[in-house]
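So this block is input.pdb, PDB, C-alpha atoms:
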```pdb
ATOM      1  CA  ILE A  16    -221.615  42.877 -19.443  1.00  0.00           C
ATOM      2  CA  ASP A  17    -222.922  46.239 -18.341  1.00  0.00           C
ATOM      3  CA  PRO A  18    -221.231  48.752 -20.698  1.00  0.00           C
ATOM      4  CA  GLN A  19    -220.700  51.160 -17.813  1.00  0.00           C
ATOM      5  CA  GLN A  20    -218.753  48.512 -15.892  1.00  0.00           C
ATOM      6  CA  ALA A  21    -216.844  47.026 -18.817  1.00  0.00           C
ATOM      7  CA  PRO A  22    -213.232  48.032 -19.433  1.00  0.00           C
ATOM      8  CA  ASP A  23    -212.412  50.159 -22.478  1.00  0.00           C
ATOM      9  CA  VAL A  24    -209.635  47.801 -23.513  1.00  0.00           C
ATOM     10  CA  ILE A  25    -207.954  44.696 -22.118  1.00  0.00           C
ATOM     11  CA  GLY A  26    -204.509  43.215 -22.639  1.00  0.00           C
ATOM     12  CA  ILE A  27    -204.378  39.550 -23.661  1.00  0.00           C
ATOM     13  CA  GLY A  28    -201.219  37.585 -23.128  1.00  0.00           C
ATOM     14  CA  PRO A  29    -198.508  36.874 -22.820  1.00  0.00           C
ATOM     15  CA  VAL A  30    -198.906  35.829 -26.417  1.00  0.00           C
ATOM     16  CA  TYR A  31    -195.296  34.618 -26.554  1.00  0.00           C
ATOM     17  CA  SER A  32    -192.986  33.875 -23.655  1.00  0.00           C
ATOM     18  CA  THR A  33    -191.291  37.024 -22.423  1.00  0.00           C
ATOM     19  CA  ALA A  34    -188.484  38.004 -20.098  1.00  0.00           C
ATOM     20  CA  THR A  35    -189.737  41.580 -19.632  1.00  0.00           C
ATOM     21  CA  LYS A  36    -191.678  40.675 -16.513  1.00  0.00           C
ATOM     22  CA  LYS A  37    -190.261  38.287 -13.954  1.00  0.00           C
ATOM     23  CA  ASN A  38    -192.696  35.499 -13.056  1.00  0.00           C
ATOM     24  CA  ALA A  39    -194.623  35.914 -16.317  1.00  0.00           C
ATOM     25  CA  PRO A  40    -196.315  32.681 -17.370  1.00  0.00           C
ATOM     26  CA  ALA A  41    -195.410  30.943 -20.618  1.00  0.00           C
ATOM     27  CA  GLY A  42    -196.885  32.404 -23.788  1.00  0.00           C
ATOM     28  CA  ILE A  43    -200.327  31.149 -24.809  1.00  0.00           C
ATOM     29  CA  GLY A  44    -199.615  31.435 -28.538  1.00  0.00           C
ATOM     30  CA  PRO A  45    -201.202  33.559 -31.251  1.00  0.00           C
ATOM     31  CA  ASP A  46    -204.097  31.178 -31.947  1.00  0.00           C
ATOM     32  CA  ALA A  47    -205.314  31.041 -28.327  1.00  0.00           C
ATOM     33  CA  ALA A  48    -204.765  34.777 -27.941  1.00  0.00           C
ATOM     34  CA  GLY A  49    -206.726  35.416 -31.128  1.00  0.00           C
ATOM     35  CA  ARG A  50    -209.646  33.348 -29.853  1.00  0.00           C
ATOM     36  CA  LEU A  51    -209.688  35.403 -26.657  1.00  0.00           C
ATOM     37  CA  ALA A  52    -209.606  38.620 -28.708  1.00  0.00           C
ATOM     38  CA  THR A  53    -212.593  37.392 -30.710  1.00  0.00           C
ATOM     39  CA  ALA A  54    -214.480  36.519 -27.522  1.00  0.00           C
ATOM     40  CA  ALA A  55    -213.729  39.974 -26.108  1.00  0.00           C
ATOM     41  CA  ARG A  56    -214.836  41.736 -29.299  1.00  0.00           C
ATOM     42  CA  GLU A  57    -218.073  39.706 -29.343  1.00  0.00           C
ATOM     43  CA  ARG A  58    -218.736  41.164 -25.904  1.00  0.00           C
ATOM     44  CA  GLY A  59    -217.977  44.704 -27.028  1.00  0.00           C
ATOM     45  CA  ILE A  60    -214.519  44.891 -25.447  1.00  0.00           C
ATOM     46  CA  GLU A  61    -211.461  45.938 -27.439  1.00  0.00           C
ATOM     47  CA  SER A  62    -208.216  44.115 -26.724  1.00  0.00           C
ATOM     48  CA  VAL A  63    -204.510  44.397 -27.411  1.00  0.00           C
ATOM     49  CA  ALA A  64    -201.987  41.578 -27.659  1.00  0.00           C
ATOM     50  CA  ILE A  65    -199.075  41.771 -25.240  1.00  0.00           C
ATOM     51  CA  GLY A  66    -196.080  39.665 -24.321  1.00  0.00           C
ATOM     52  CA  GLY A  67    -193.058  38.627 -26.346  1.00  0.00           C
ATOM     53  CA  ILE A  68    -194.177  40.417 -29.504  1.00  0.00           C
ATOM     54  CA  LYS A  69    -191.272  41.188 -31.800  1.00  0.00           C
ATOM     55  CA  ALA A  70    -190.816  42.280 -35.411  1.00  0.00           C
ATOM     56  CA  HIS A  71    -190.342  38.652 -36.495  1.00  0.00           C
ATOM     57  CA  ASN A  72    -193.640  37.407 -34.999  1.00  0.00           C
ATOM     58  CA  ALA A  73    -196.006  40.420 -35.036  1.00  0.00           C
ATOM     59  CA  HIS A  74    -197.348  39.316 -38.430  1.00  0.00           C
ATOM     60  CA  GLU A  75    -198.818  36.212 -36.749  1.00  0.00           C
ATOM     61  CA  LEU A  76    -201.369  38.517 -35.089  1.00  0.00           C
ATOM     62  CA  SER A  77    -202.291  40.319 -38.299  1.00  0.00           C
ATOM     63  CA  GLY A  78    -205.935  39.936 -39.293  1.00  0.00           C
ATOM     64  CA  SER A  79    -207.004  39.010 -35.759  1.00  0.00           C
ATOM     65  CA  ASP A  80    -209.661  40.734 -33.681  1.00  0.00           C
ATOM     66  CA  PHE A  81    -207.025  42.643 -31.710  1.00  0.00           C
ATOM     67  CA  ALA A  82    -207.269  46.424 -31.805  1.00  0.00           C
ATOM     68  CA  GLY A  83    -203.474  46.551 -31.660  1.00  0.00           C
ATOM     69  CA  ILE A  84    -200.316  45.264 -30.033  1.00  0.00           C
ATOM     70  CA  CYS A  85    -198.299  46.325 -26.979  1.00  0.00           C
ATOM     71  CA  VAL A  86    -194.531  46.035 -27.202  1.00  0.00           C
ATOM     72  CA  VAL A  87    -191.832  46.934 -24.697  1.00  0.00           C
ATOM     73  CA  SER A  88    -188.492  45.181 -25.157  1.00  0.00           C
ATOM     74  CA  ASP A  89    -188.286  45.140 -28.959  1.00  0.00           C
ATOM     75  CA  ILE A  90    -188.622  48.932 -28.944  1.00  0.00           C
ATOM     76  CA  MET A  91    -186.762  49.831 -25.760  1.00  0.00           C
ATOM     77  CA  THR A  92    -183.684  47.746 -26.595  1.00  0.00           C
ATOM     78  CA  ALA A  93    -183.456  48.910 -30.218  1.00  0.00           C
ATOM     79  CA  ASP A  94    -180.690  51.222 -31.411  1.00  0.00           C
ATOM     80  CA  ASP A  95    -183.420  53.200 -33.194  1.00  0.00           C
ATOM     81  CA  PRO A  96    -186.667  52.882 -31.195  1.00  0.00           C
ATOM     82  CA  ALA A  97    -188.693  54.885 -33.745  1.00  0.00           C
ATOM     83  CA  ALA A  98    -187.617  52.568 -36.570  1.00  0.00           C
ATOM     84  CA  ALA A  99    -188.335  49.514 -34.409  1.00  0.00           C
ATOM     85  CA  ALA A 100    -191.847  50.805 -33.658  1.00  0.00           C
ATOM     86  CA  HIS A 101    -192.431  51.479 -37.349  1.00  0.00           C
ATOM     87  CA  ASN A 102    -191.242  47.980 -38.305  1.00  0.00           C
ATOM     88  CA  LEU A 103    -193.488  46.402 -35.679  1.00  0.00           C
ATOM     89  CA  LYS A 104    -196.492  48.389 -36.891  1.00  0.00           C
ATOM     90  CA  GLU A 105    -195.872  47.372 -40.484  1.00  0.00           C
ATOM     91  CA  ALA A 106    -195.370  43.708 -39.512  1.00  0.00           C
ATOM     92  CA  TYR A 107    -198.594  43.714 -37.486  1.00  0.00           C
ATOM     93  CA  ARG A 108    -200.586  45.330 -40.278  1.00  0.00           C
ATOM     94  CA  GLY A 109    -199.364  42.605 -42.615  1.00  0.00           C
TER
END
```
Write out the structure in this file as structure tokens.
Amino acid sequence: IDPQQAPDVIGIGPVYSTATKKNAPAGIGPDAAGRLATAARERGIESVAIGGIKAHNAHELSGSDFAGICVVSDIMTADDPAAAAHNLKEAYRG
């Protein structure tokens, strides 16, 4: 991949099934997503996991080749979005 044409970062998912986007395909699972993240990193492309990530499953992505996670519903529907984001970050970091 020509570095000048490669994206800075890509989203890989949905990792888990999600209702945030209508018509989203079923989740591919953390193992398959992790393999894609490794393949991207081997090609010099950073990636983030997206889709169905919640505080109870973010730890399953910990230690992977993802640069981070993207979360919408678990933060936006929380009574305390800042606390939800903090909990997700801590879960992801393991």
Could you pull the residues within 8 Å of region 44-49 of chain A, counting only C-alpha atoms, minus those fewer than 6 positions along the same chain, as an NGL selection string? :A and (27-31 or 64 or 75-76 or 79-81)
Pick out the residues sitting within 10 Å of Ile60 (chain A), and hand them over as a list in words; count all atoms listed in the file, and ignore anything fewer than 5 positions along from it in its own chain. Ile16, Pro18, Ala21, Pro22, Asp23, Val24, Ile25, Ala52, Thr53, Ala54, Ala55 and Ala82 of chain A
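The interatomic distance for the pair CA of Gly66 (chain A) and CA of Lys104 (chain A) works out to 15.3 Å.
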List the residues matched by the PyMOL selection byres ((chain A and resi 35-38) around 9) in the displayed structure as a list in words, ordered by chain and then by residue number.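 The output of the PyMOL selection byres ((chain A and resi 35-38) around 9) on this file is Thr33, Ala34, Ala39, Pro40, Gly66, Gly67, Val87 and Ser88 of chain A.
Evaluating the PyMOL selection byres ((chain A and resi 90) around 12) against the shown model yields Thr35, Gly67, Ile68, Lys69, Ala70, Cys85, Val86, Val87, Ser88, Asp89, Met91, Thr92, Ala93, Asp94, Asp95, Pro96, Ala97, Ala98, Ala99, Ala100, His101, Asn102, Leu103 and Lys104 of chain A.
The interatomic distance for the pair CA of Ile65 (chain A) and CA of Gly26 (chain A) works out to 6.2 Å.
Going from CA of Arg108 (chain A) over to CA of Glu61 (chain A), you cover 16.8 Å.
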Which residue is closest to Gly59 (chain A)? Choose from A:Ser77, A:Gln19, A:Ser32, A:Asn72 and count all atoms listed in the file.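 For Gly59 (chain A), the nearest of the given residues is A:Gln19.
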